[in-house]
>>> print(open('structure13.pdb').read())   # PDB, C-alpha atoms and all ligand atoms
ATOM      1  CA  MET A   1       0.897  -3.409 -19.050
ATOM      2  CA  SER A   2       2.718  -0.119 -18.936
ATOM      3  CA  ALA A   3       4.561   1.176 -15.900
ATOM      4  CA  VAL A   4       4.333   4.786 -14.798
ATOM      5  CA  THR A   5       6.834   6.869 -12.800
ATOM      6  CA  LEU A   6       5.547   9.652 -10.562
ATOM      7  CA  TYR A   7       7.426  12.049  -8.292
ATOM      8  CA  ALA A   8       6.581  13.375  -4.838
ATOM      9  CA  ALA A   9       8.800  16.313  -3.872
ATOM     10  CA  ASP A  10       7.975  16.140  -0.160
ATOM     11  CA  GLU A  11       5.854  14.364   2.432
ATOM     12  CA  GLU A  12       2.805  16.513   1.659
ATOM     13  CA  ALA A  13       3.004  15.599  -2.051
ATOM     14  CA  MET A  14       3.172  11.937  -1.038
ATOM     15  CA  LEU A  15      -0.022  12.289   1.013
ATOM     16  CA  VAL A  16      -1.786  14.026  -1.893
ATOM     17  CA  LEU A  17      -0.727  11.242  -4.254
ATOM     18  CA  GLY A  18      -2.020   8.646  -1.805
ATOM     19  CA  ALA A  19      -5.382  10.389  -1.543
ATOM     20  CA  ARG A  20      -5.685  10.533  -5.344
ATOM     21  CA  LEU A  21      -4.904   6.848  -5.657
ATOM     22  CA  ALA A  22      -7.388   6.095  -2.866
ATOM     23  CA  ALA A  23     -10.212   7.769  -4.792
ATOM     24  CA  LEU A  24      -9.357   5.816  -7.949
ATOM     25  CA  THR A  25      -9.426   2.422  -6.198
ATOM     26  CA  GLU A  26     -12.920   2.982  -4.765
ATOM     27  CA  GLY A  27     -11.721   0.885  -1.834
ATOM     28  CA  ARG A  28     -10.918  -2.303  -3.740
ATOM     29  CA  GLY A  29      -7.680  -3.984  -4.660
ATOM     30  CA  ILE A  30      -4.269  -5.153  -3.538
ATOM     31  CA  ILE A  31      -1.363  -2.709  -3.575
ATOM     32  CA  CYS A  32       2.156  -3.861  -2.704
ATOM     33  CA  LEU A  33       4.646  -1.253  -1.498
ATOM     34  CA  HIS A  34       8.357  -1.786  -2.100
ATOM     35  CA  GLY A  35      11.377   0.241  -1.030
ATOM     36  CA  ASP A  36      13.996   0.371   1.719
ATOM     37  CA  LEU A  37      13.308   1.347   5.313
ATOM     38  CA  GLY A  38      12.473   5.063   5.264
ATOM     39  CA  ALA A  39      11.491   5.055   1.572
ATOM     40  CA  GLY A  40       8.005   6.389   2.302
ATOM     41  CA  LYS A  41       5.764   3.286   2.158
ATOM     42  CA  THR A  42       3.929   4.143   5.379
ATOM     43  CA  THR A  43       3.618   7.799   4.355
ATOM     44  CA  LEU A  44       1.920   6.782   1.093
ATOM     45  CA  SER A  45      -0.311   4.349   3.017
ATOM     46  CA  ARG A  46      -1.281   7.198   5.364
ATOM     47  CA  GLY A  47      -2.266   9.308   2.356
ATOM     48  CA  ILE A  48      -4.419   6.462   1.033
ATOM     49  CA  VAL A  49      -6.153   5.743   4.368
ATOM     50  CA  ARG A  50      -6.731   9.461   5.044
ATOM     51  CA  GLY A  51      -8.104   9.745   1.508
ATOM     52  CA  PHE A  52     -11.077   7.732   2.785
ATOM     53  CA  GLY A  53     -11.641  10.184   5.618
ATOM     54  CA  HIS A  54      -9.628   8.580   8.416
ATOM     55  CA  GLN A  55      -8.482  11.386  10.744
ATOM     56  CA  GLY A  56      -6.296   9.508  13.207
ATOM     57  CA  ALA A  57      -2.798   8.133  13.069
ATOM     58  CA  VAL A  58      -1.595   5.664  10.442
ATOM     59  CA  LYS A  59       1.556   3.936  11.613
ATOM     60  CA  SER A  60       3.342   0.838  10.431
ATOM     61  CA  PRO A  61       1.619  -2.080  12.170
ATOM     62  CA  THR A  62       4.963  -3.699  12.868
ATOM     63  CA  PHE A  63       4.068  -5.919  15.820
ATOM     64  CA  THR A  64       0.549  -6.864  14.815
ATOM     65  CA  LEU A  65       1.475  -7.257  11.107
ATOM     66  CA  VAL A  66      -1.893  -5.832  10.055
ATOM     67  CA  GLU A  67      -3.985  -2.812  11.031
ATOM     68  CA  PRO A  68      -7.627  -2.697   9.927
ATOM     69  CA  TYR A  69      -9.457   0.560   9.111
ATOM     70  CA  GLU A  70     -13.230   0.234   8.888
ATOM     71  CA  LEU A  71     -14.246   3.503   7.225
ATOM     72  CA  ASP A  72     -17.549   4.720   5.770
ATOM     73  CA  ASP A  73     -16.540   4.087   2.169
ATOM     74  CA  ALA A  74     -13.873   1.418   2.514
ATOM     75  CA  ARG A  75     -12.426  -1.430   4.508
ATOM     76  CA  ILE A  76      -8.666  -1.077   4.397
ATOM     77  CA  PHE A  77      -6.089  -3.540   5.717
ATOM     78  CA  HIS A  78      -2.594  -2.128   6.104
ATOM     79  CA  PHE A  79       0.073  -4.814   6.398
ATOM     80  CA  ASP A  80       3.723  -4.472   7.331
ATOM     81  CA  LEU A  81       5.320  -7.886   6.943
ATOM     82  CA  TYR A  82       8.843  -6.775   7.867
ATOM     83  CA  ARG A  83       8.855  -9.013  10.947
ATOM     84  CA  LEU A  84       7.136 -11.967   9.338
ATOM     85  CA  ALA A  85       9.488 -14.897   9.848
ATOM     86  CA  ASP A  86       7.730 -17.350   7.541
ATOM     87  CA  PRO A  87       5.047 -16.762   4.856
ATOM     88  CA  GLU A  88       3.085 -19.653   6.436
ATOM     89  CA  GLU A  89       2.379 -17.402   9.445
ATOM     90  CA  LEU A  90      -0.009 -15.500   7.191
ATOM     91  CA  GLU A  91      -2.264 -18.552   7.089
ATOM     92  CA  PHE A  92      -2.706 -18.278  10.888
ATOM     93  CA  LEU A  93      -3.721 -14.624  10.491
ATOM     94  CA  GLY A  94      -6.629 -15.823   8.343
ATOM     95  CA  ILE A  95      -5.452 -13.853   5.348
ATOM     96  CA  ARG A  96      -8.215 -15.093   3.075
ATOM     97  CA  ASP A  97     -10.681 -12.883   4.958
ATOM     98  CA  TYR A  98      -8.475  -9.841   4.468
ATOM     99  CA  PHE A  99      -8.289 -10.312   0.736
ATOM    100  CA  ALA A 100     -12.060 -10.254   0.297
ATOM    101  CA  ALA A 101     -13.189  -8.638  -2.932
ATOM    102  CA  ASP A 102     -14.621  -5.570  -1.204
ATOM    103  CA  ALA A 103     -11.476  -4.515   0.679
ATOM    104  CA  LEU A 104      -8.365  -2.500  -0.126
ATOM    105  CA  CYS A 105      -5.117  -4.131   1.034
ATOM    106  CA  LEU A 106      -1.874  -2.167   1.350
ATOM    107  CA  ILE A 107       1.153  -4.376   1.918
ATOM    108  CA  GLU A 108       4.611  -3.196   3.007
ATOM    109  CA  TRP A 109       7.406  -5.795   2.616
ATOM    110  CA  PRO A 110       5.270  -8.146   0.477
ATOM    111  CA  GLN A 111       8.322 -10.231  -0.415
ATOM    112  CA  ARG A 112       8.180 -11.660   3.151
ATOM    113  CA  GLY A 113       4.841 -13.226   2.252
ATOM    114  CA  ALA A 114       5.876 -14.586  -1.126
ATOM    115  CA  GLY A 115       3.952 -17.688  -2.161
ATOM    116  CA  VAL A 116       1.085 -17.057   0.259
ATOM    117  CA  LEU A 117      -0.070 -13.544  -0.653
ATOM    118  CA  PRO A 118      -2.477 -13.270  -3.571
ATOM    119  CA  LYS A 119      -1.373 -11.521  -6.750
ATOM    120  CA  ALA A 120      -1.199  -7.738  -6.479
ATOM    121  CA  ASP A 121      -3.142  -5.343  -8.696
ATOM    122  CA  LEU A 122      -0.343  -2.830  -8.382
ATOM    123  CA  ASP A 123       3.295  -2.817  -7.288
ATOM    124  CA  ILE A 124       4.670   0.554  -6.166
ATOM    125  CA  THR A 125       8.431   0.881  -5.719
ATOM    126  CA  ILE A 126       9.564   4.008  -3.875
ATOM    127  CA  SER A 127      13.113   5.322  -4.075
ATOM    128  CA  PRO A 128      14.923   8.549  -3.180
ATOM    129  CA  HIS A 129      14.893  11.182  -5.920
ATOM    130  CA  GLU A 130      16.581  14.540  -5.282
ATOM    131  CA  ALA A 131      15.066  15.778  -1.986
ATOM    132  CA  GLY A 132      11.879  13.751  -2.552
ATOM    133  CA  ARG A 133      10.843  10.359  -3.904
ATOM    134  CA  ALA A 134      10.269   8.623  -7.225
ATOM    135  CA  LEU A 135       7.430   6.110  -7.382
ATOM    136  CA  LEU A 136       7.434   3.381 -10.009
ATOM    137  CA  LEU A 137       3.907   2.037 -10.498
ATOM    138  CA  GLN A 138       3.589  -1.357 -12.175
ATOM    139  CA  PRO A 139      -0.004  -2.458 -12.851
ATOM    140  CA  HIS A 140      -0.949  -6.141 -13.167
ATOM    141  CA  SER A 141      -4.692  -5.879 -13.735
ATOM    142  CA  ALA A 142      -7.070  -3.890 -15.914
ATOM    143  CA  ARG A 143      -8.277  -1.809 -12.974
ATOM    144  CA  ALA A 144      -4.730  -0.949 -11.866
ATOM    145  CA  GLU A 145      -3.884  -0.026 -15.432
ATOM    146  CA  ALA A 146      -6.780   2.441 -15.308
ATOM    147  CA  TRP A 147      -5.552   3.886 -11.970
ATOM    148  CA  CYS A 148      -2.090   4.445 -13.462
ATOM    149  CA  ALA A 149      -3.476   6.036 -16.617
ATOM    150  CA  ALA A 150      -5.609   8.425 -14.531
ATOM    151  CA  LEU A 151      -2.711   9.349 -12.229
ATOM    152  CA  SER A 152      -0.333  10.109 -15.079
ATOM    153  CA  ALA A 153      -3.007  12.052 -16.994
ATOM    154  CA  ALA A 154      -3.545  14.301 -13.955
ATOM    155  CA  LEU A 155       0.081  15.527 -13.990
TER     156      LEU A 155
HETATM  157  P1  LIG A 201       8.841   3.417   5.195
HETATM  158  O1  LIG A 201       7.446   3.057   5.612
HETATM  159  O2  LIG A 201       9.089   3.096   3.753
HETATM  160  O3  LIG A 201       9.894   2.827   6.075
HETATM  161  P2  LIG A 201       8.087   6.122   6.006
HETATM  162  O4  LIG A 201       6.818   6.317   5.267
HETATM  163  O5  LIG A 201       8.008   5.843   7.447
HETATM  164  O6  LIG A 201       8.995   5.009   5.296
HETATM  165  O7  LIG A 201       8.901   7.463   5.703
HETATM  166  C1  LIG A 201      10.195   7.723   6.183
HETATM  167  C2  LIG A 201      10.466   9.191   6.079
HETATM  168  O8  LIG A 201      10.424   9.667   4.743
HETATM  169  C3  LIG A 201       9.503  10.066   6.881
HETATM  170  O9  LIG A 201      10.265  10.923   7.696
HETATM  171  C4  LIG A 201       8.747  10.848   5.833
HETATM  172  O10 LIG A 201       8.432  12.142   6.259
HETATM  173  C5  LIG A 201       9.734  10.905   4.686
HETATM  174  N1  LIG A 201       9.067  11.035   3.381
HETATM  175  C6  LIG A 201       8.022  10.332   2.926
HETATM  176  N2  LIG A 201       7.691  10.677   1.669
HETATM  177  C7  LIG A 201       8.561  11.665   1.305
HETATM  178  C8  LIG A 201       8.744  12.421   0.101
HETATM  179  N3  LIG A 201       7.966  12.235  -0.969
HETATM  180  N4  LIG A 201       9.749  13.313   0.077
HETATM  181  C9  LIG A 201      10.558  13.485   1.146
HETATM  182  N5  LIG A 201      10.436  12.801   2.301
HETATM  183  C10 LIG A 201       9.443  11.888   2.392
HETATM  184 MG    MG A 202       6.793   1.559   7.008
END
>>> encode(input="structure13.pdb", output="structure tokens")
Amino acid sequence: MSAVTLYAADEEAMLVLGARLAALTEGRGIICLHGDLGAGKTTLSRGIVRGFGHQGAVKSPTFTLVEPYELDDARIFHFDLYRLADPEELEFLGIRDYFAADALCLIEWPQRGAGVLPKADLDITISPHEAGRALLLQPHSARAEAWCAALSAAL
């Protein structure tokens, strides 16, 4: 499957990219977000959640590990596993319910849940690029491949 690199020159461009990706997913799938602290993982997540019409805040759910958004056209679960001490803790959260087929899961720091998290449709790695960010998108499913193709075609 072919990887795609996209660029977001500023925070606003990141939000636009998130909203575009949101529309493509139709509210289904598992997206893992990689990158250092401050890379822009939560910003991209905010763009995705707002893409489904959410008007309020979207912050990293650091202490609760997961923040649910029940929206008209999607159920989104936004994870930040930075403070997860042991992947086994995810079992106590009842993660199987979160990864239901009709939900969209966004996961920051997925490596903390290695071995317990299901396989991602898409890995997105965010890194600094000039004054903005580069986003490397690596699809692992047919639907994610289609999302990547559509995003790169729209450039
Ligand atoms: P993370 O969740 O990866 O720790 P955040 O999403 O909280 O990172 O973003 C950290 C900072 O990066 C914020 O101040 C945000 O405004 C900024 N930022 C996000 N995306 C971009 C971008 N494409 N270009 C420049 N700055 C960005
Ligand atoms: Mg974050």
>>> closest_residue(input="structure13.pdb", among="A:Leu81, A:Val49, A:Ala146, A:Leu21", to="Gly113 (chain A)", atoms="only C-alpha atoms")
A:Leu81
>>> resolve_selection(input="structure13.pdb", expression="the PyMOL selection byres (((chain A and resi 3-11) around 8) and not hetatm)", output="ChimeraX atom specification")
/A:1-2,12-15,17,43,129,131-139,148,152
>>> residues_near_ligand(input="structure13.pdb", ligand="ligand MG 202 (chain A)", cutoff="6 Å", atoms="all atoms listed in the file", output="VMD selection string")
chain A and resid 41 to 42 60
>>> residues_around(input="structure13.pdb", residues="Cys105 (chain A)", least_positions_apart="3", cutoff="7 Å", atoms="all atoms listed in the file", output="PyMOL selection string")
chain A and resi 29-31+76-78+99
>>> closest_residue(input="structure13.pdb", among="A:Cys32, A:Leu90, A:Ala150, A:Ala22", to="ligand LIG 201 (chain A)", atoms="all atoms listed in the file")
A:Cys32
>>> closest_residue(input="structure13.pdb", among="A:Leu44, A:Val66, A:Ile124, A:Val116", to="ligand LIG 201 (chain A)", atoms="all atoms listed in the file")
A:Leu44
>>> closest_residue(input="structure13.pdb", among="A:Asp102, A:Glu145, A:Glu26, A:Glu108", to="Phe79 (chain A)", atoms="only C-alpha atoms")
A:Glu108
>>> atom_distance(input="structure13.pdb", atom1="CA of Ala153 (chain A)", atom2="CA of Leu106 (chain A)")
23.2 Å
>>> closest_residue(input="structure13.pdb", among="A:Thr25, A:Thr125, A:Thr64, A:Gln111", to="ligand LIG 201 (chain A)", atoms="all atoms listed in the file")
A:Thr125
>>> atom_distance(input="structure13.pdb", atom1="CA of Ala120 (chain A)", atom2="CA of Gly56 (chain A)")
26.7 Å
>>> closest_residue(input="structure13.pdb", among="A:Ala149, A:Ala19, A:Ile48, A:Leu37", to="Leu104 (chain A)", atoms="only C-alpha atoms")
A:Ile48
>>> axis_aligned_box(input="structure13.pdb", around="ligand LIG 201 (chain A)", padding_each_side="8 Å", output="AutoDock Vina command-line options")
--center_x 8.7 --center_y 8.2 --center_z 3.4 --size_x 19.7 --size_y 26.7 --size_z 24.7
>>> atom_distance(input="structure13.pdb", atom1="atom C2 of ligand LIG 201 (chain A)", atom2="CA of Ile107 (chain A)")
17.0 Å
>>> resolve_selection(input="structure13.pdb", expression="the PyMOL selection byres (((chain A and resi 70-75) around 6) and not hetatm)", output="ChimeraX atom specification")
/A:27,69,76,103
>>> resolve_selection(input="structure13.pdb", expression="the PyMOL selection byres (((chain A and resi 82) around 7) and not hetatm)", output="ChimeraX atom specification")
/A:80-81,83-84,109,112
>>> write_last_selection(input="structure13.pdb", atoms="C-alpha atoms", output="tab-separated table (two decimals), in the frame of the given file")
chain	number	residue	atom	x	y	z
A	80	ASP	CA	3.72	-4.47	7.33
A	81	LEU	CA	5.32	-7.89	6.94
A	83	ARG	CA	8.86	-9.01	10.95
A	84	LEU	CA	7.14	-11.97	9.34
A	109	TRP	CA	7.41	-5.80	2.62
A	112	ARG	CA	8.18	-11.66	3.15
>>> build_atoms(input="structure13.pdb", residues="region 8-19 of chain A", atoms="all heavy atoms", output="short mmCIF file (atom, residue, chain, number, x, y, z; two decimals), in the frame of the given file")
data_model
loop_
_atom_site.label_atom_id
_atom_site.label_comp_id
_atom_site.auth_asym_id
_atom_site.auth_seq_id
_atom_site.Cartn_x
_atom_site.Cartn_y
_atom_site.Cartn_z
N ALA A 8 7.16 12.65 -5.98
CA ALA A 8 6.58 13.38 -4.84
C ALA A 8 7.73 14.15 -4.20
O ALA A 8 8.66 13.55 -3.64
CB ALA A 8 5.95 12.40 -3.85
N ALA A 9 7.67 15.46 -4.29
CA ALA A 9 8.80 16.31 -3.87
C ALA A 9 8.97 16.35 -2.36
O ALA A 9 10.07 16.59 -1.86
CB ALA A 9 8.60 17.73 -4.40
N ASP A 10 7.88 16.12 -1.62
CA ASP A 10 7.98 16.14 -0.16
C ASP A 10 6.86 15.28 0.43
O ASP A 10 6.06 14.70 -0.31
CB ASP A 10 7.91 17.58 0.38
CG ASP A 10 6.68 18.33 -0.13
OD1 ASP A 10 5.67 17.67 -0.48
OD2 ASP A 10 6.73 19.57 -0.17
N GLU A 11 6.83 15.22 1.75
CA GLU A 11 5.85 14.36 2.43
C GLU A 11 4.42 14.76 2.06
O GLU A 11 3.58 13.88 1.85
CB GLU A 11 6.08 14.45 3.95
CG GLU A 11 5.09 13.61 4.71
CD GLU A 11 5.47 13.39 6.16
OE1 GLU A 11 6.58 13.77 6.58
OE2 GLU A 11 4.62 12.84 6.88
N GLU A 12 4.16 16.04 1.98
CA GLU A 12 2.80 16.51 1.66
C GLU A 12 2.38 16.01 0.26
O GLU A 12 1.26 15.55 0.08
CB GLU A 12 2.77 18.05 1.72
CG GLU A 12 1.40 18.67 1.48
CD GLU A 12 0.29 18.10 2.36
OE1 GLU A 12 0.57 17.74 3.53
OE2 GLU A 12 -0.85 17.99 1.88
N ALA A 13 3.30 16.08 -0.69
CA ALA A 13 3.00 15.60 -2.05
C ALA A 13 2.71 14.09 -2.05
O ALA A 13 1.88 13.60 -2.81
CB ALA A 13 4.17 15.91 -2.98
N MET A 14 3.38 13.38 -1.17
CA MET A 14 3.17 11.94 -1.04
C MET A 14 1.76 11.66 -0.53
O MET A 14 1.08 10.75 -1.01
CB MET A 14 4.21 11.41 -0.05
CG MET A 14 4.45 9.95 -0.12
SD MET A 14 5.42 9.56 -1.59
CE MET A 14 6.26 8.12 -1.00
N LEU A 15 1.32 12.46 0.45
CA LEU A 15 -0.02 12.29 1.01
C LEU A 15 -1.09 12.61 -0.03
O LEU A 15 -2.10 11.91 -0.14
CB LEU A 15 -0.19 13.19 2.25
CG LEU A 15 0.72 12.83 3.44
CD1 LEU A 15 0.61 13.89 4.54
CD2 LEU A 15 0.38 11.46 4.01
N VAL A 16 -0.85 13.64 -0.83
CA VAL A 16 -1.79 14.03 -1.89
C VAL A 16 -1.90 12.90 -2.93
O VAL A 16 -2.99 12.52 -3.35
CB VAL A 16 -1.34 15.35 -2.56
CG1 VAL A 16 -2.14 15.63 -3.82
CG2 VAL A 16 -1.49 16.51 -1.58
N LEU A 17 -0.75 12.35 -3.29
CA LEU A 17 -0.73 11.24 -4.25
C LEU A 17 -1.50 10.04 -3.71
O LEU A 17 -2.28 9.40 -4.43
CB LEU A 17 0.74 10.88 -4.51
CG LEU A 17 1.08 10.09 -5.75
CD1 LEU A 17 0.60 10.82 -7.00
CD2 LEU A 17 2.60 9.90 -5.81
N GLY A 18 -1.30 9.75 -2.44
CA GLY A 18 -2.02 8.65 -1.80
C GLY A 18 -3.53 8.86 -1.84
O GLY A 18 -4.29 7.95 -2.16
N ALA A 19 -3.95 10.08 -1.55
CA ALA A 19 -5.38 10.39 -1.54
C ALA A 19 -5.98 10.25 -2.94
O ALA A 19 -7.09 9.75 -3.11
CB ALA A 19 -5.61 11.80 -1.00
#
